[in-house]
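Note sheet for the following structure.
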Number of protein chains: 4
Amino acid sequence: MTHSHDVMERVDLIFSTRTHIEQILRFEAALARAEARASLVPAAAAAEIEAACRLEHIDVDAIQRDAVHAGTVAIPLVQQLIANTPIAARVYVHWGATSQDAIDTALVLQMRDGLDVLASELRRVAEAAAGLAAAHRHSVMPGRTLLQQAVPITFGLKAARWLAAVTRQLRSIQALRGGSLVLQFGGAAGTLAALGTHGDMVARLLGEELGLPVPELPWHAERDRTAGIVATLGVTAGIIAKLAGDIVLLAQTEVGEVAEGATGGAGGSSSAMPQKRNPVNAVSATAAAHLAIGIVPVVLSAMHHEHERAAGGWQSEWTAIPDMFKHTVRAASHLGSALASLDVRVDRMRENLAAAAGTLMSESLATALAPRLGRPEAMRLVGELSERALRDGGTLRESAQSDARVASALDAAALDRALDPSAYLGNSEQLIDRALASWHDLTRERGWS
Amino acid sequence: MTHSHDVMERVDLIFSTRTHIEQILRFEAALARAEARASLVPAAAAAEIEAACRLEHIDVDAIQRDAVHAGTVAIPLVQQLIANTPIAARVYVHWGATSQDAIDTALVLQMRDGLDVLASELRRVAEAAAGLAAAHRHSVMPGRTLLQQAVPITFGLKAARWLAAVTRQLRSIQALRGGSLVLQFGGAAGTLAALGTHGDMVARLLGEELGLPVPELPWHAERDRTAGIVATLGVTAGIIAKLAGDIVLLAQTEVGEVAEGATGGAGGSSSAMPQKRNPVNAVSATAAAHLAIGIVPVVLSAMHHEHERAAGGWQSEWTAIPDMFKHTVRAASHLGSALASLDVRVDRMRENLAAAAGTLMSESLATALAPRLGRPEAMRLVGELSERALRDGGTLRESAQSDARVASALDAAALDRALDPSAYLGNSEQLIDRALASWHDLTRERGWS
Amino acid sequence: MTHSHDVMERVDLIFSTRTHIEQILRFEAALARAEARASLVPAAAAAEIEAACRLEHIDVDAIQRDAVHAGTVAIPLVQQLIANTPIAARVYVHWGATSQDAIDTALVLQMRDGLDVLASELRRVAEAAAGLAAAHRHSVMPGRTLLQQAVPITFGLKAARWLAAVTRQLRSIQALRGGSLVLQFGGAAGTLAALGTHGDMVARLLGEELGLPVPELPWHAERDRTAGIVATLGVTAGIIAKLAGDIVLLAQTEVGEVAEGATGGAGGSSSAMPQKRNPVNAVSATAAAHLAIGIVPVVLSAMHHEHERAAGGWQSEWTAIPDMFKHTVRAASHLGSALASLDVRVDRMRENLAAAAGTLMSESLATALAPRLGRPEAMRLVGELSERALRDGGTLRESAQSDARVASALDAAALDRALDPSAYLGNSEQLIDRALASWHDLTRERGWS
Amino acid sequence: MTHSHDVMERVDLIFSTRTHIEQILRFEAALARAEARASLVPAAAAAEIEAACRLEHIDVDAIQRDAVHAGTVAIPLVQQLIANTPIAARVYVHWGATSQDAIDTALVLQMRDGLDVLASELRRVAEAAAGLAAAHRHSVMPGRTLLQQAVPITFGLKAARWLAAVTRQLRSIQALRGGSLVLQFGGAAGTLAALGTHGDMVARLLGEELGLPVPELPWHAERDRTAGIVATLGVTAGIIAKLAGDIVLLAQTEVGEVAEGATGGAGGSSSAMPQKRNPVNAVSATAAAHLAIGIVPVVLSAMHHEHERAAGGWQSEWTAIPDMFKHTVRAASHLGSALASLDVRVDRMRENLAAAAGTLMSESLATALAPRLGRPEAMRLVGELSERALRDGGTLRESAQSDARVASALDAAALDRALDPSAYLGNSEQLIDRALASWHDLTRERGWS
């Protein structure tokens with residue numbers, strides 16, 4: 001829990017106005033250095049600009065106030081920066097750049113940090129899921145379709161599916177770092193005209209200074225990269241909602257197969273109802289995930305940027321993208337906390353296998369009967385036996401044992417086998433192994449293990 | 001601008017965690033008073049609880065931290081409140097209520113304040129629009145469909161349409177106050193069982209204390225009221241986006257019919273391009289409006305609250321609804337600033353009437369020719385004249401004047417009239433009057449005038 | 001089920017291109033009649049136009065093909081209409097109107113029919129809910145918060161909450177008919193200039209002909225009315241999702257408190273798993289409701305119509321609004337089918353009250369103990385007893401009976417009462433009565449009963 | 001236009017219920033063949049099943065009707081298929097599979113075809129954009145930020161940015177084919193238990209038969225792949241909206257820099273206003289793009305699939321995903337038509353450079369003056385000159401020529417150069433070349449050139 005609280009503070013900080021301004025200063029300092037390397041700016045002037053580019057010299061409140069007038073934080077920030085720079089060097093501040101170059105690149109740097117935090121939280125989720133997959137490969141439980149018991153699975157398999165999904169998200173997020181986090185540098189309308197013929201070289205050097213790839217063209221008004229990041233986070237949020245939703249459902253009083261563990265705090269218990277053990281982290285993850293998903297269409301429908309710079313669509317990103325990261329990281333962090341402390345109740349899983357008179361084994365029984373009776377007849381018969389069991393309050397085992405047609409097809413041992421959930425798990429173990437292998441591959445590649 | 005900044009601070013404050021806690025305290029104090037009036041709680045105990053229900057006694061940071069564990073702010077807040085209450089009165093704190101009663105009612109109180117701020121900002125928009133409608137009832141300009149010049153209108157008519165739309169929003173918001181802002185009070189699962197047979201009376205008295213209507217049933221998991229508020233604000237945001245979008249389009253360099261006025265600040269001008277006069281407020285309004293719209297589906301799709309209290313859908317409202325109000329108020333405030341300072345350039349409107357060789361008058365000319373030539377022939381002929389004018393760089397007037405068929409149908413005075421934009425405005429004035437009358441009706445009803 | 005299929009066909013028909021064209025023809029015929037009444041068009045010509053305005057004279061396929069070029073169906077439709085009209089009357093076809101007048105008014109007429117179908121389906125939902133509320137006022141079941149058992153409720157109360165929510169939706173939809181379904185008539189740019197000074201009179205007569213109120217101004221580019229309809233349907237869809245979601249959760253194998261009834265068809269049973277009784281209607285309702293909700297932001301974010309007619313936002317309504325009605329009606333219809341055939345399993349409800357060792361009664365027990373022990377001590381003690389019961393596999397009753405502190409406070413009869421779910425229902429019956437009364441009020445007002 | 005109409009019919013067909021059923025039949029036939037290859041099904045039975053798997057043997061209407069009851073099309077389809085198969089082979093129909101295997105895999109096959117159509121339409125867009133980029137590398141026009149003229153660009157550069165964005169979309173779509181279009185095959189709850197130990201082999205062979213990769217695990221309830229496809233299409237739709245929006249803005253009467261070309265049909269002209277040349281295709285593309293974007297949150301927020309198969313979230317995909325493809329393909333097709341026939345008016349571009357008294361060159365002039373006057377002074381001076389020109393109705397050139405400070409810094413030739421838009425284009429040409437090279441790389445890789 002302390003973990004979640006810390007992580008949220010970290011992501012809130014990365015996407016605070018303060019840090020945004022700090023990253024713009026980083027851009028401006030790097031620009032001066034790059035232009036000095038390109039011999040466009042005297043080295044001394046670049047050094048003076050760099051010295052001025054420190055957050056402690058900046059009046060953040062004034063910038064926020066002036067930004068309401070100016071329409072961007074970059075304009076008042078550059079004004080302050082010029083005022084803080086020795087006169088001779090002032091001419092070189094922000095040279096050749098436009099506000100959007102500074103703001104977009106700063107946001108890219110913030111997103112780079114934000115993706116690191118998100119990946120770290122997802123890794124925590126994956127580690128917990130991997131642990132559950134391995135530990136519960138033999139913990140048989142009901143598989144449920146449309147929330148009705150269908151056939152048995154293991155909790156290990158369920159956790160393996162969770163793990164595989166999260167592993168895929170980590171790969172998607174990794175791919176973003178390479179392809180979508182790129183420098184923005186194009187000047188007033190994307191031509192870098194103010195730098196004459198030197199634009200290309202400065203762009204290359206600036207990219208080096210900031211550790212950002214230089215894209216084929218500036219992208220002031222073509223937002224597929226930022227939208228792609230948001231869309232990817234949206235898919236990740238969707239997967240988080242899936243996992244969290246499963247926890248909430250499994251934690252229901254009547255199901256009781258998992259519970260969120262005690263965590264030393266006030267806990268998810270209600271003061272008035274001491275018996276309650278609310279799945280607080282899963283609930284919080286669900287809420288945050290849906291808030292994140294809500295940002296996606298905002299950013300997508302804002303993509304119709306007008307001409308060379310948008311009148312609204314770009315500006316909405318300044319709120320939407322930080323919110324997207326905050327919500328998604330919150331969701332991942334809460335999910336990690338839920339999984340890391342999950343109480344798994346194997347006894348309840350076993351009990352629940354009998355919830356519907358054991359009819360969860362009807363497919364298995366029909367499959368066992370089919371070679372003798374033909375599949376249609378086998379299915380019809382099992383349907384009849386199941387209905388009888390459910391109607392009369394008995395069990396499928398009882399109605400099967402007392403049926404002559406079953407007896408003619410299966411001896412007692414074969415019937416036992418046909419009704420044994422742990423013998424009807426198909427290739428579950430293989431699938432668990434595959435999910436674990438895929439996760440271990442990733443951890444090796446990334447040097448996490 | 002100072003205006004916008006102040007308004008944003010006000011709405012941010014109303015929807016801050018601090019104020020949320022303050023409103024919960026208000027609920028708890030009112031509950032104690034109501035229960036004292038119902039003779040369930042000794043008057044002295046109620047007074048002690050009320051005394052404890054002051055924000056300065058509360059450790060807000062601790063609540064925020066503990067809420068991560070507890071899943072709501074109400075649980076740690078009630079714990080602090082109990083600790084702050086003299087021992088004998090503690091048993092009566094939060095009596096019969098559930099966390100959701102306190103949180104939902106607090107949010108209703110916040111929304112009540114939020115709607116007041118929003119209405120006030122929309123009133124500012126309407127006043128500006130009404131002023132423009134009245135002042136520009138004779139300012140002829142091109143009407144544009146699909147951004148192509150169609151037939152003439154007046155700027156007064158455009159402003160009247162804006163006014164009418166905003167007047168309708170003010171009426172919708174007013175209707176919310178009566179119908180959707182209601183008390184939440186039902187206890188753990190909506191039965192008020194902890195209050196035995198006194199639940200109904202306490203609910204009535206609590207509603208009185210807080211000035212909130214008591215609904216027919218508690219609504220913990222049926223969120224049509226909160227969703228309806230959000231949906232209504234979404235429609236308002238859409239109208240704001242429409243008005244702001246028109247300003248941006250009219251302010252284009254090539255159109256130049258309006259500009260946002262200077263406001264004494266850094267202004268919407270670019271440091272590198274002194275000629276630019278960016279429609280900063282309209283742009284900010286557009287961005288905020290689209291952020292607001294993005295909240296609507298979040299709240300709607302969160303409505304599937306499970307059973308008696310939701311596991312995610314409710315919790316997402318705690319972020320979504322405050323964001324909804326903040327974004328919508330921001331949008332309205334920026335729009336008001338844009339309109340209140342709008343420079344209207346009647347000369348540019350007049351010039352633009354000639355932009356397409358005056359062919360904007362072709363419907364008028366065809367209408368004038370129709371009685372003589374028949375409408376099909378009239379339209380065919382005007383099409384031919386228009387095309388010639390556009391192709392040859394002349395004007396519709398010139399090609400009409402030199403055409404024998406036109407001369408046979410219209411004398412010079414009639415042709416002049418047919419080509420006079422100010423004579424082809426239909427019932428524009430009547431429509432302006434109607435929009436103004438509807439607005440004045442509302443101001444009278446509300447005692448604003 | 002046949003019911004759902006029929007209803008879907010009906011709503012699909014109302015919002016088909018064919019019917020859209022038919023409603024445009026209705027507009028054009030009514031326009032000719034209105035203009036004849038205003039003495040602008042000869043009566044004979046109006047009669048000829050009206051005769052031409054019949055769907056069987058129109059080549060619908062050609063219109064759909066040509067609409068791709070023309071950008072609207074109205075342009076090729078008016079062209080066909082002119083061609084089908086005797087030459088002398090042709091000049092009067094579509095006189096003074098613009099394509100958008102015809103298309104918007106046709107859509108309003110379609111929405112009017114669509115709202116009738118929706119109201120009829122919601123009425124079916126309400127009737128089923130009212131029946132359940134009345135029949136199950138004493139059917140005790142667990143109330144659940146965050147899907148954890150909290151305190152007892154009755155199934156009647158749950159159904160009453162459903163009923164109240166649907167009753168509110170029916171009132172909202174009724175309000176739309178009065179306020180939002182209005183005539184569109186303004187000519188090319190909303191001035192009705194082509195009708196000279198007669199625009200206002202024609203508008204009034206046209207409204208009469210079509211049974212539509214005439215709004216204060218044309219609303220070509222101010223879409224708060226259409227958006228408001230869509231937003232209201234979105235809230236209704238959200239309530240449908242809530243009810244359907246509750247059914248799905250109650251139908252879970254481990255809960256088993258309701259099941260969708262057999263309906264004579266293939267049924268929601270799986271061929272491979274005969275025991276499954278899938279809540280097919282509730283699932284279909286959920287899916288359709290979320291599709292409906294997805295339309296809302298499309299329409300809201302399309303509201304920024306440019307100037308006098310939009311370049312995209314309007315056109316997207318042509319798909320979005322029909323889809324909105326289709327999805328919402330589907331959702332309502334499936335929900336009605338689910339509720340109308342619902343098997344309610346009172347025995348399972350009773351059994352489930354014991355699911356967590358009877359600790360669902362802990363609030364009740366604490367309330368009973370509080371007068372003697374003080375509430376904090378009462379709650380602490382009950383917490384201890386509940387935990388012991390849950391841990392040791394006993395029941396709250398057993399641990400309470402064996403506890404000396406409980407015995408000191410409550411005699412056996414009082415303890416029995418404190419542990420009796422049917423004695424801890426607060427004002428549930430009163431709430432049920434109130435929901436029923438509110439529903440009966442509406443049925444009386446509307447003449448349904 | 002015929003093109004757009006044909007493409008829409010093609011995508012509608014791919015995502016029709018008919019084709020969906022056809023692809024399910026393809027799945028069932030392939031499954032029988034795969035199981036025959038695995039020696040689980042006699043070759044003769046597999047051949048008989050394959051023979052039955054033809055659309056002409058199927059009563060599609062009956063399936064649609066029964067699907068309302070059954071909850072899926074697969075259940076009634078498999079029933080028909082069994083009925084159409086010779087008795088001895090019936091037992092092998094759909095062996096080991098679950099409805100969701102058939103439905104999901106069929107949808108994957110449909111999406112594979114849909115992505116081909118989309119890629120083909122985007123290629124058409126890219127080809128047109130590449131043509132414009134190459135043809136207009138010297139066509140100088142105003143660059144516009146916030147719809148205000150900023151500095152000059154070329155139309156070739158604008159088209160190059162469009163091209164680069166579309167090229168990136170084509171690469172994203174290509175990546176989907178490899179990573180997201182995978183087989184679904186897991187049986188009732190994802191264990192393939194009905195196939196005993198043969199599940200893995202059958203999956204591999206089935207993947208071969210259908211040309212689909214076999215994923216590491218079945219993905220019934222983990223929808224990141226389908227959601228990822230939808231999210232990618234959403235980003236593509238956003239880019240389409242950007243391009244279409246630019247066309248609409250450039251086509252405005254007052255801007256007039258492009259127009260959609262005549263296409264032989266009824267055209268985008270209004271019958272009442274012959275001068276109008278509506279950008280019909282761009283408008284239709286915008287509308288369709290925003291409809292597409294609206295689908296994205298529906299699919300993302302439906303990702304919380306419950307347990308092993310969803311009760312609503314999955315079912316909503318059946319409508320949402322086909323709609324997503326239809327809208328996106330429509331949008332791309334309309335955009336291609338707009339670009340393929342675009343009239344580019346280089347003369348209007350040139351004229352518009354002078355729209356604001358030539359102050360578009362103020363950054364250039366300030367840059368030229370800076371070495372002499374210092375940048376702050378240069379900017380201040382140019383600001384003063386620009387304002388004077390705008391106020392007095394002159395030009396920046398005139399006010400600069402008459403200013404002594406300018407004369408002291410720049411001779412006549414240097415001033416001319418500083419005011420020449422075609423001399424202030426930075427690295428525009430280089431950027432155009434880069435966009436073209438990136439496009440040509442892709443065409444080569446894909447064998448298109």
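Naming scheme: A, B, ... for chains in displayed order of the structure tokens; residues 1 onward per chain; ligands 1 onward as shown.
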Select from chain B every residue with an atom at most 9 Å from any atom of chain D, then for each give the shortest pair of atoms and their distance in Å to one decimal, using only C-alpha atoms, rows by chain and rising number, as CSV.
```
residue,atom,partner,partner_atom,distance
B:Arg144,CA,D:Thr253,CA,8.8
B:Thr145,CA,D:Asn278,CA,8.6
B:Leu146,CA,D:Asn278,CA,6.5
B:Leu147,CA,D:Gln252,CA,5.3
B:Gln148,CA,D:Thr253,CA,5.2
B:Gln149,CA,D:Thr253,CA,6.1
B:Ala150,CA,D:Met273,CA,6.6
B:Val151,CA,D:Met273,CA,8.1
B:Val248,CA,D:Leu147,CA,7.4
B:Leu249,CA,D:Leu147,CA,7.5
B:Ala251,CA,D:Gln148,CA,7.8
B:Gln252,CA,D:Leu147,CA,5.3
B:Thr253,CA,D:Gln148,CA,5.2
B:Glu254,CA,D:Glu254,CA,6.1
B:Val255,CA,D:Glu254,CA,6.2
B:Ser271,CA,D:Met379,CA,7.9
B:Ala272,CA,D:Glu363,CA,5.8
B:Met273,CA,D:Glu363,CA,5.5
B:Pro274,CA,D:Gly383,CA,4.9
B:Gln275,CA,D:Thr359,CA,6.0
B:Lys276,CA,D:Gln148,CA,6.4
B:Arg277,CA,D:Gln148,CA,7.4
B:Asn278,CA,D:Leu146,CA,6.5
B:Pro279,CA,D:Leu146,CA,7.6
B:Val280,CA,D:Leu146,CA,8.6
B:Val283,CA,D:Leu146,CA,7.9
B:Pro297,CA,D:Pro297,CA,8.6
B:Ser301,CA,D:Ser301,CA,8.0
B:Asn352,CA,D:Glu254,CA,7.2
B:Ala355,CA,D:Glu254,CA,6.2
B:Ala356,CA,D:Thr253,CA,6.7
B:Thr359,CA,D:Gln275,CA,6.0
B:Leu360,CA,D:Gln275,CA,7.3
B:Met361,CA,D:Met273,CA,8.5
B:Ser362,CA,D:Met273,CA,6.2
B:Glu363,CA,D:Met273,CA,5.5
B:Ala366,CA,D:Ala272,CA,8.3
B:Met379,CA,D:Ala272,CA,7.2
B:Arg380,CA,D:Pro274,CA,8.4
B:Val382,CA,D:Pro274,CA,7.4
B:Gly383,CA,D:Pro274,CA,4.9
B:Glu384,CA,D:Pro274,CA,8.4
B:Ser386,CA,D:Gln275,CA,6.1
B:Glu387,CA,D:Gln275,CA,6.9
B:Leu390,CA,D:Gln275,CA,8.3
```
- request: Using backbone DSSP assignments, extract all alpha helix (DSSP H) residues from segment 306-360 of chain C; output them as a VMD selection string.
  value: chain C and resid 313 to 340 346 to 352
Nearest candidate to Thr2 of chain B (options B:Ala414, B:Ser333, B:Arg388, B:Leu25; using only C-alpha atoms):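 That would be B:Ser333, the residue with the smallest distance to Thr2 of chain B.
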I want to know what sits within 12 Å of Ala413 of chain B, based on only C-alpha atoms, with residues of the same chain fewer than 6 positions away left out; could you give that as a PDB file with N, CA, C and O atoms, in the first residue's frame?
```pdb
ATOM      1  N   ALA B 368     -35.032  36.062 -57.679  1.00  0.00           N
ATOM      2  CA  ALA B 368     -35.588  37.240 -58.361  1.00  0.00           C
ATOM      3  C   ALA B 368     -35.956  36.930 -59.805  1.00  0.00           C
ATOM      4  O   ALA B 368     -36.942  37.433 -60.345  1.00  0.00           O
ATOM      5  N   GLN B 401     -25.129  41.905 -65.377  1.00  0.00           N
ATOM      6  CA  GLN B 401     -25.448  43.160 -66.071  1.00  0.00           C
ATOM      7  C   GLN B 401     -25.310  43.025 -67.587  1.00  0.00           C
ATOM      8  O   GLN B 401     -26.023  43.668 -68.354  1.00  0.00           O
ATOM      9  N   ALA B 407     -31.482  41.004 -68.287  1.00  0.00           N
ATOM     10  CA  ALA B 407     -32.050  42.322 -68.593  1.00  0.00           C
ATOM     11  C   ALA B 407     -33.525  42.208 -68.954  1.00  0.00           C
ATOM     12  O   ALA B 407     -34.329  43.080 -68.605  1.00  0.00           O
ATOM     13  N   LEU B 419     -29.028  41.819 -55.934  1.00  0.00           N
ATOM     14  CA  LEU B 419     -27.614  41.581 -55.621  1.00  0.00           C
ATOM     15  C   LEU B 419     -27.180  42.254 -54.323  1.00  0.00           C
ATOM     16  O   LEU B 419     -26.000  42.244 -53.972  1.00  0.00           O
ATOM     17  N   ASP B 420     -28.138  42.808 -53.597  1.00  0.00           N
ATOM     18  CA  ASP B 420     -27.804  43.513 -52.356  1.00  0.00           C
ATOM     19  C   ASP B 420     -27.916  42.561 -51.159  1.00  0.00           C
ATOM     20  O   ASP B 420     -29.016  42.153 -50.772  1.00  0.00           O
TER      21      ASP B 420
END
```
task: Using DSSP on the backbone coordinates, identify the residues of segment 70-239 of chain C assigned to strand (DSSP E); present them as a PyMOL selection string.
output: chain C and resi 140-145+148-154
Write a file of the selected residues as an mmCIF file, in the first residue's frame, keeping N, CA, C and O atoms.
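The result, written out as again29.cif:
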```
data_model
loop_
_atom_site.group_PDB
_atom_site.id
_atom_site.type_symbol
_atom_site.label_atom_id
_atom_site.label_comp_id
_atom_site.auth_asym_id
_atom_site.auth_seq_id
_atom_site.Cartn_x
_atom_site.Cartn_y
_atom_site.Cartn_z
ATOM 1 N N VAL C 140 -36.301 -12.491 1.522
ATOM 2 C CA VAL C 140 -35.054 -11.958 2.079
ATOM 3 C C VAL C 140 -33.844 -12.523 1.340
ATOM 4 O O VAL C 140 -33.834 -13.700 0.974
ATOM 5 N N MET C 141 -32.873 -11.698 1.125
ATOM 6 C CA MET C 141 -31.656 -12.108 0.412
ATOM 7 C C MET C 141 -30.504 -11.243 0.926
ATOM 8 O O MET C 141 -30.733 -10.234 1.597
ATOM 9 N N PRO C 142 -29.277 -11.613 0.586
ATOM 10 C CA PRO C 142 -28.164 -10.785 1.043
ATOM 11 C C PRO C 142 -28.084 -9.488 0.236
ATOM 12 O O PRO C 142 -28.200 -9.503 -0.988
ATOM 13 N N GLY C 143 -27.933 -8.369 0.923
ATOM 14 C CA GLY C 143 -27.503 -7.151 0.248
ATOM 15 C C GLY C 143 -26.005 -7.212 0.096
ATOM 16 O O GLY C 143 -25.302 -7.743 0.969
ATOM 17 N N ARG C 144 -25.508 -6.712 -1.033
ATOM 18 C CA ARG C 144 -24.074 -6.887 -1.315
ATOM 19 C C ARG C 144 -23.452 -5.554 -1.709
ATOM 20 O O ARG C 144 -23.959 -4.865 -2.593
ATOM 21 N N THR C 145 -22.369 -5.213 -1.062
ATOM 22 C CA THR C 145 -21.623 -4.011 -1.432
ATOM 23 C C THR C 145 -20.221 -4.446 -1.809
ATOM 24 O O THR C 145 -19.627 -5.287 -1.118
ATOM 25 N N GLN C 148 -19.523 -8.051 -1.763
ATOM 26 C CA GLN C 148 -19.413 -8.743 -0.480
ATOM 27 C C GLN C 148 -20.751 -8.636 0.233
ATOM 28 O O GLN C 148 -21.365 -7.565 0.212
ATOM 29 N N GLN C 149 -21.165 -9.708 0.882
ATOM 30 C CA GLN C 149 -22.413 -9.628 1.631
ATOM 31 C C GLN C 149 -22.301 -8.573 2.717
ATOM 32 O O GLN C 149 -21.307 -8.501 3.439
ATOM 33 N N ALA C 150 -23.336 -7.738 2.837
ATOM 34 C CA ALA C 150 -23.291 -6.625 3.784
ATOM 35 C C ALA C 150 -24.358 -6.811 4.865
ATOM 36 O O ALA C 150 -24.056 -7.214 5.992
ATOM 37 N N VAL C 151 -25.594 -6.536 4.531
ATOM 38 C CA VAL C 151 -26.732 -6.721 5.439
ATOM 39 C C VAL C 151 -27.878 -7.258 4.586
ATOM 40 O O VAL C 151 -27.831 -7.162 3.366
ATOM 41 N N PRO C 152 -28.915 -7.806 5.215
ATOM 42 C CA PRO C 152 -29.998 -8.365 4.398
ATOM 43 C C PRO C 152 -30.848 -7.281 3.729
ATOM 44 O O PRO C 152 -30.993 -6.175 4.253
ATOM 45 N N ILE C 153 -31.360 -7.628 2.579
ATOM 46 C CA ILE C 153 -32.396 -6.826 1.910
ATOM 47 C C ILE C 153 -33.477 -7.815 1.474
ATOM 48 O O ILE C 153 -33.424 -8.988 1.830
ATOM 49 N N THR C 154 -34.464 -7.320 0.719
ATOM 50 C CA THR C 154 -35.369 -8.261 0.054
ATOM 51 C C THR C 154 -35.196 -8.130 -1.447
ATOM 52 O O THR C 154 -34.766 -7.084 -1.945
#
```
Tell me, as a short mmCIF file (atom, residue, chain, number, x, y, z; two decimals) with all heavy atoms, in the first residue's frame, which residues lie within 9 Å of Ser428 of chain D, counting only C-alpha atoms; anything in the same chain fewer than 5 positions away does not count.
```cif
data_model
loop_
_atom_site.label_atom_id
_atom_site.label_comp_id
_atom_site.auth_asym_id
_atom_site.auth_seq_id
_atom_site.Cartn_x
_atom_site.Cartn_y
_atom_site.Cartn_z
N GLY A 190 7.42 24.17 -38.95
CA GLY A 190 7.98 22.87 -39.32
C GLY A 190 9.07 22.91 -40.37
O GLY A 190 9.50 21.86 -40.84
N THR A 191 9.54 24.12 -40.74
CA THR A 191 10.57 24.20 -41.78
C THR A 191 11.95 24.47 -41.21
O THR A 191 12.93 24.41 -41.93
CB THR A 191 10.25 25.34 -42.77
OG1 THR A 191 10.29 26.59 -42.05
CG2 THR A 191 8.88 25.15 -43.39
N LEU A 192 12.02 24.84 -39.95
CA LEU A 192 13.28 25.26 -39.32
C LEU A 192 13.95 26.39 -40.09
O LEU A 192 15.19 26.51 -40.09
CB LEU A 192 14.24 24.06 -39.20
CG LEU A 192 13.87 23.07 -38.08
CD1 LEU A 192 14.75 21.83 -38.16
CD2 LEU A 192 14.01 23.74 -36.71
N ALA A 193 13.11 27.22 -40.72
CA ALA A 193 13.65 28.29 -41.56
C ALA A 193 14.56 29.25 -40.80
O ALA A 193 15.54 29.76 -41.36
CB ALA A 193 12.51 29.07 -42.21
N ARG D 137 6.66 20.96 -54.59
CA ARG D 137 7.77 21.26 -53.67
C ARG D 137 8.14 22.74 -53.72
O ARG D 137 8.79 23.25 -52.80
CB ARG D 137 8.96 20.36 -53.91
CG ARG D 137 9.56 20.39 -55.29
CD ARG D 137 10.93 19.68 -55.27
NE ARG D 137 10.83 18.24 -55.03
CZ ARG D 137 11.59 17.58 -54.16
NH1 ARG D 137 12.48 18.24 -53.43
NH2 ARG D 137 11.47 16.27 -54.04
N ILE D 153 5.41 28.08 -45.91
CA ILE D 153 5.81 26.68 -46.16
C ILE D 153 5.55 26.43 -47.64
O ILE D 153 5.22 27.36 -48.38
CB ILE D 153 5.00 25.68 -45.31
CG1 ILE D 153 3.49 25.78 -45.64
CG2 ILE D 153 5.23 25.91 -43.83
CD1 ILE D 153 2.66 24.63 -45.07
N THR D 154 5.69 25.19 -48.05
CA THR D 154 5.21 24.84 -49.40
C THR D 154 4.08 23.83 -49.26
O THR D 154 4.01 23.09 -48.27
CB THR D 154 6.31 24.22 -50.27
OG1 THR D 154 6.79 23.03 -49.64
CG2 THR D 154 7.47 25.19 -50.47
N GLY D 156 3.97 21.33 -51.02
CA GLY D 156 4.67 20.04 -51.09
C GLY D 156 5.05 19.54 -49.71
O GLY D 156 4.95 18.34 -49.42
N LEU D 157 5.47 20.45 -48.84
CA LEU D 157 5.84 20.03 -47.49
C LEU D 157 4.61 19.54 -46.72
O LEU D 157 4.66 18.55 -46.00
CB LEU D 157 6.51 21.18 -46.73
CG LEU D 157 6.86 20.89 -45.28
CD1 LEU D 157 7.82 19.71 -45.15
CD2 LEU D 157 7.47 22.11 -44.61
N ASP D 433 11.87 15.23 -49.47
CA ASP D 433 12.62 14.08 -49.97
C ASP D 433 12.57 12.91 -49.00
O ASP D 433 12.46 11.75 -49.39
CB ASP D 433 14.08 14.48 -50.21
CG ASP D 433 14.21 15.41 -51.40
OD1 ASP D 433 13.31 15.40 -52.27
OD2 ASP D 433 15.20 16.16 -51.46
#
```
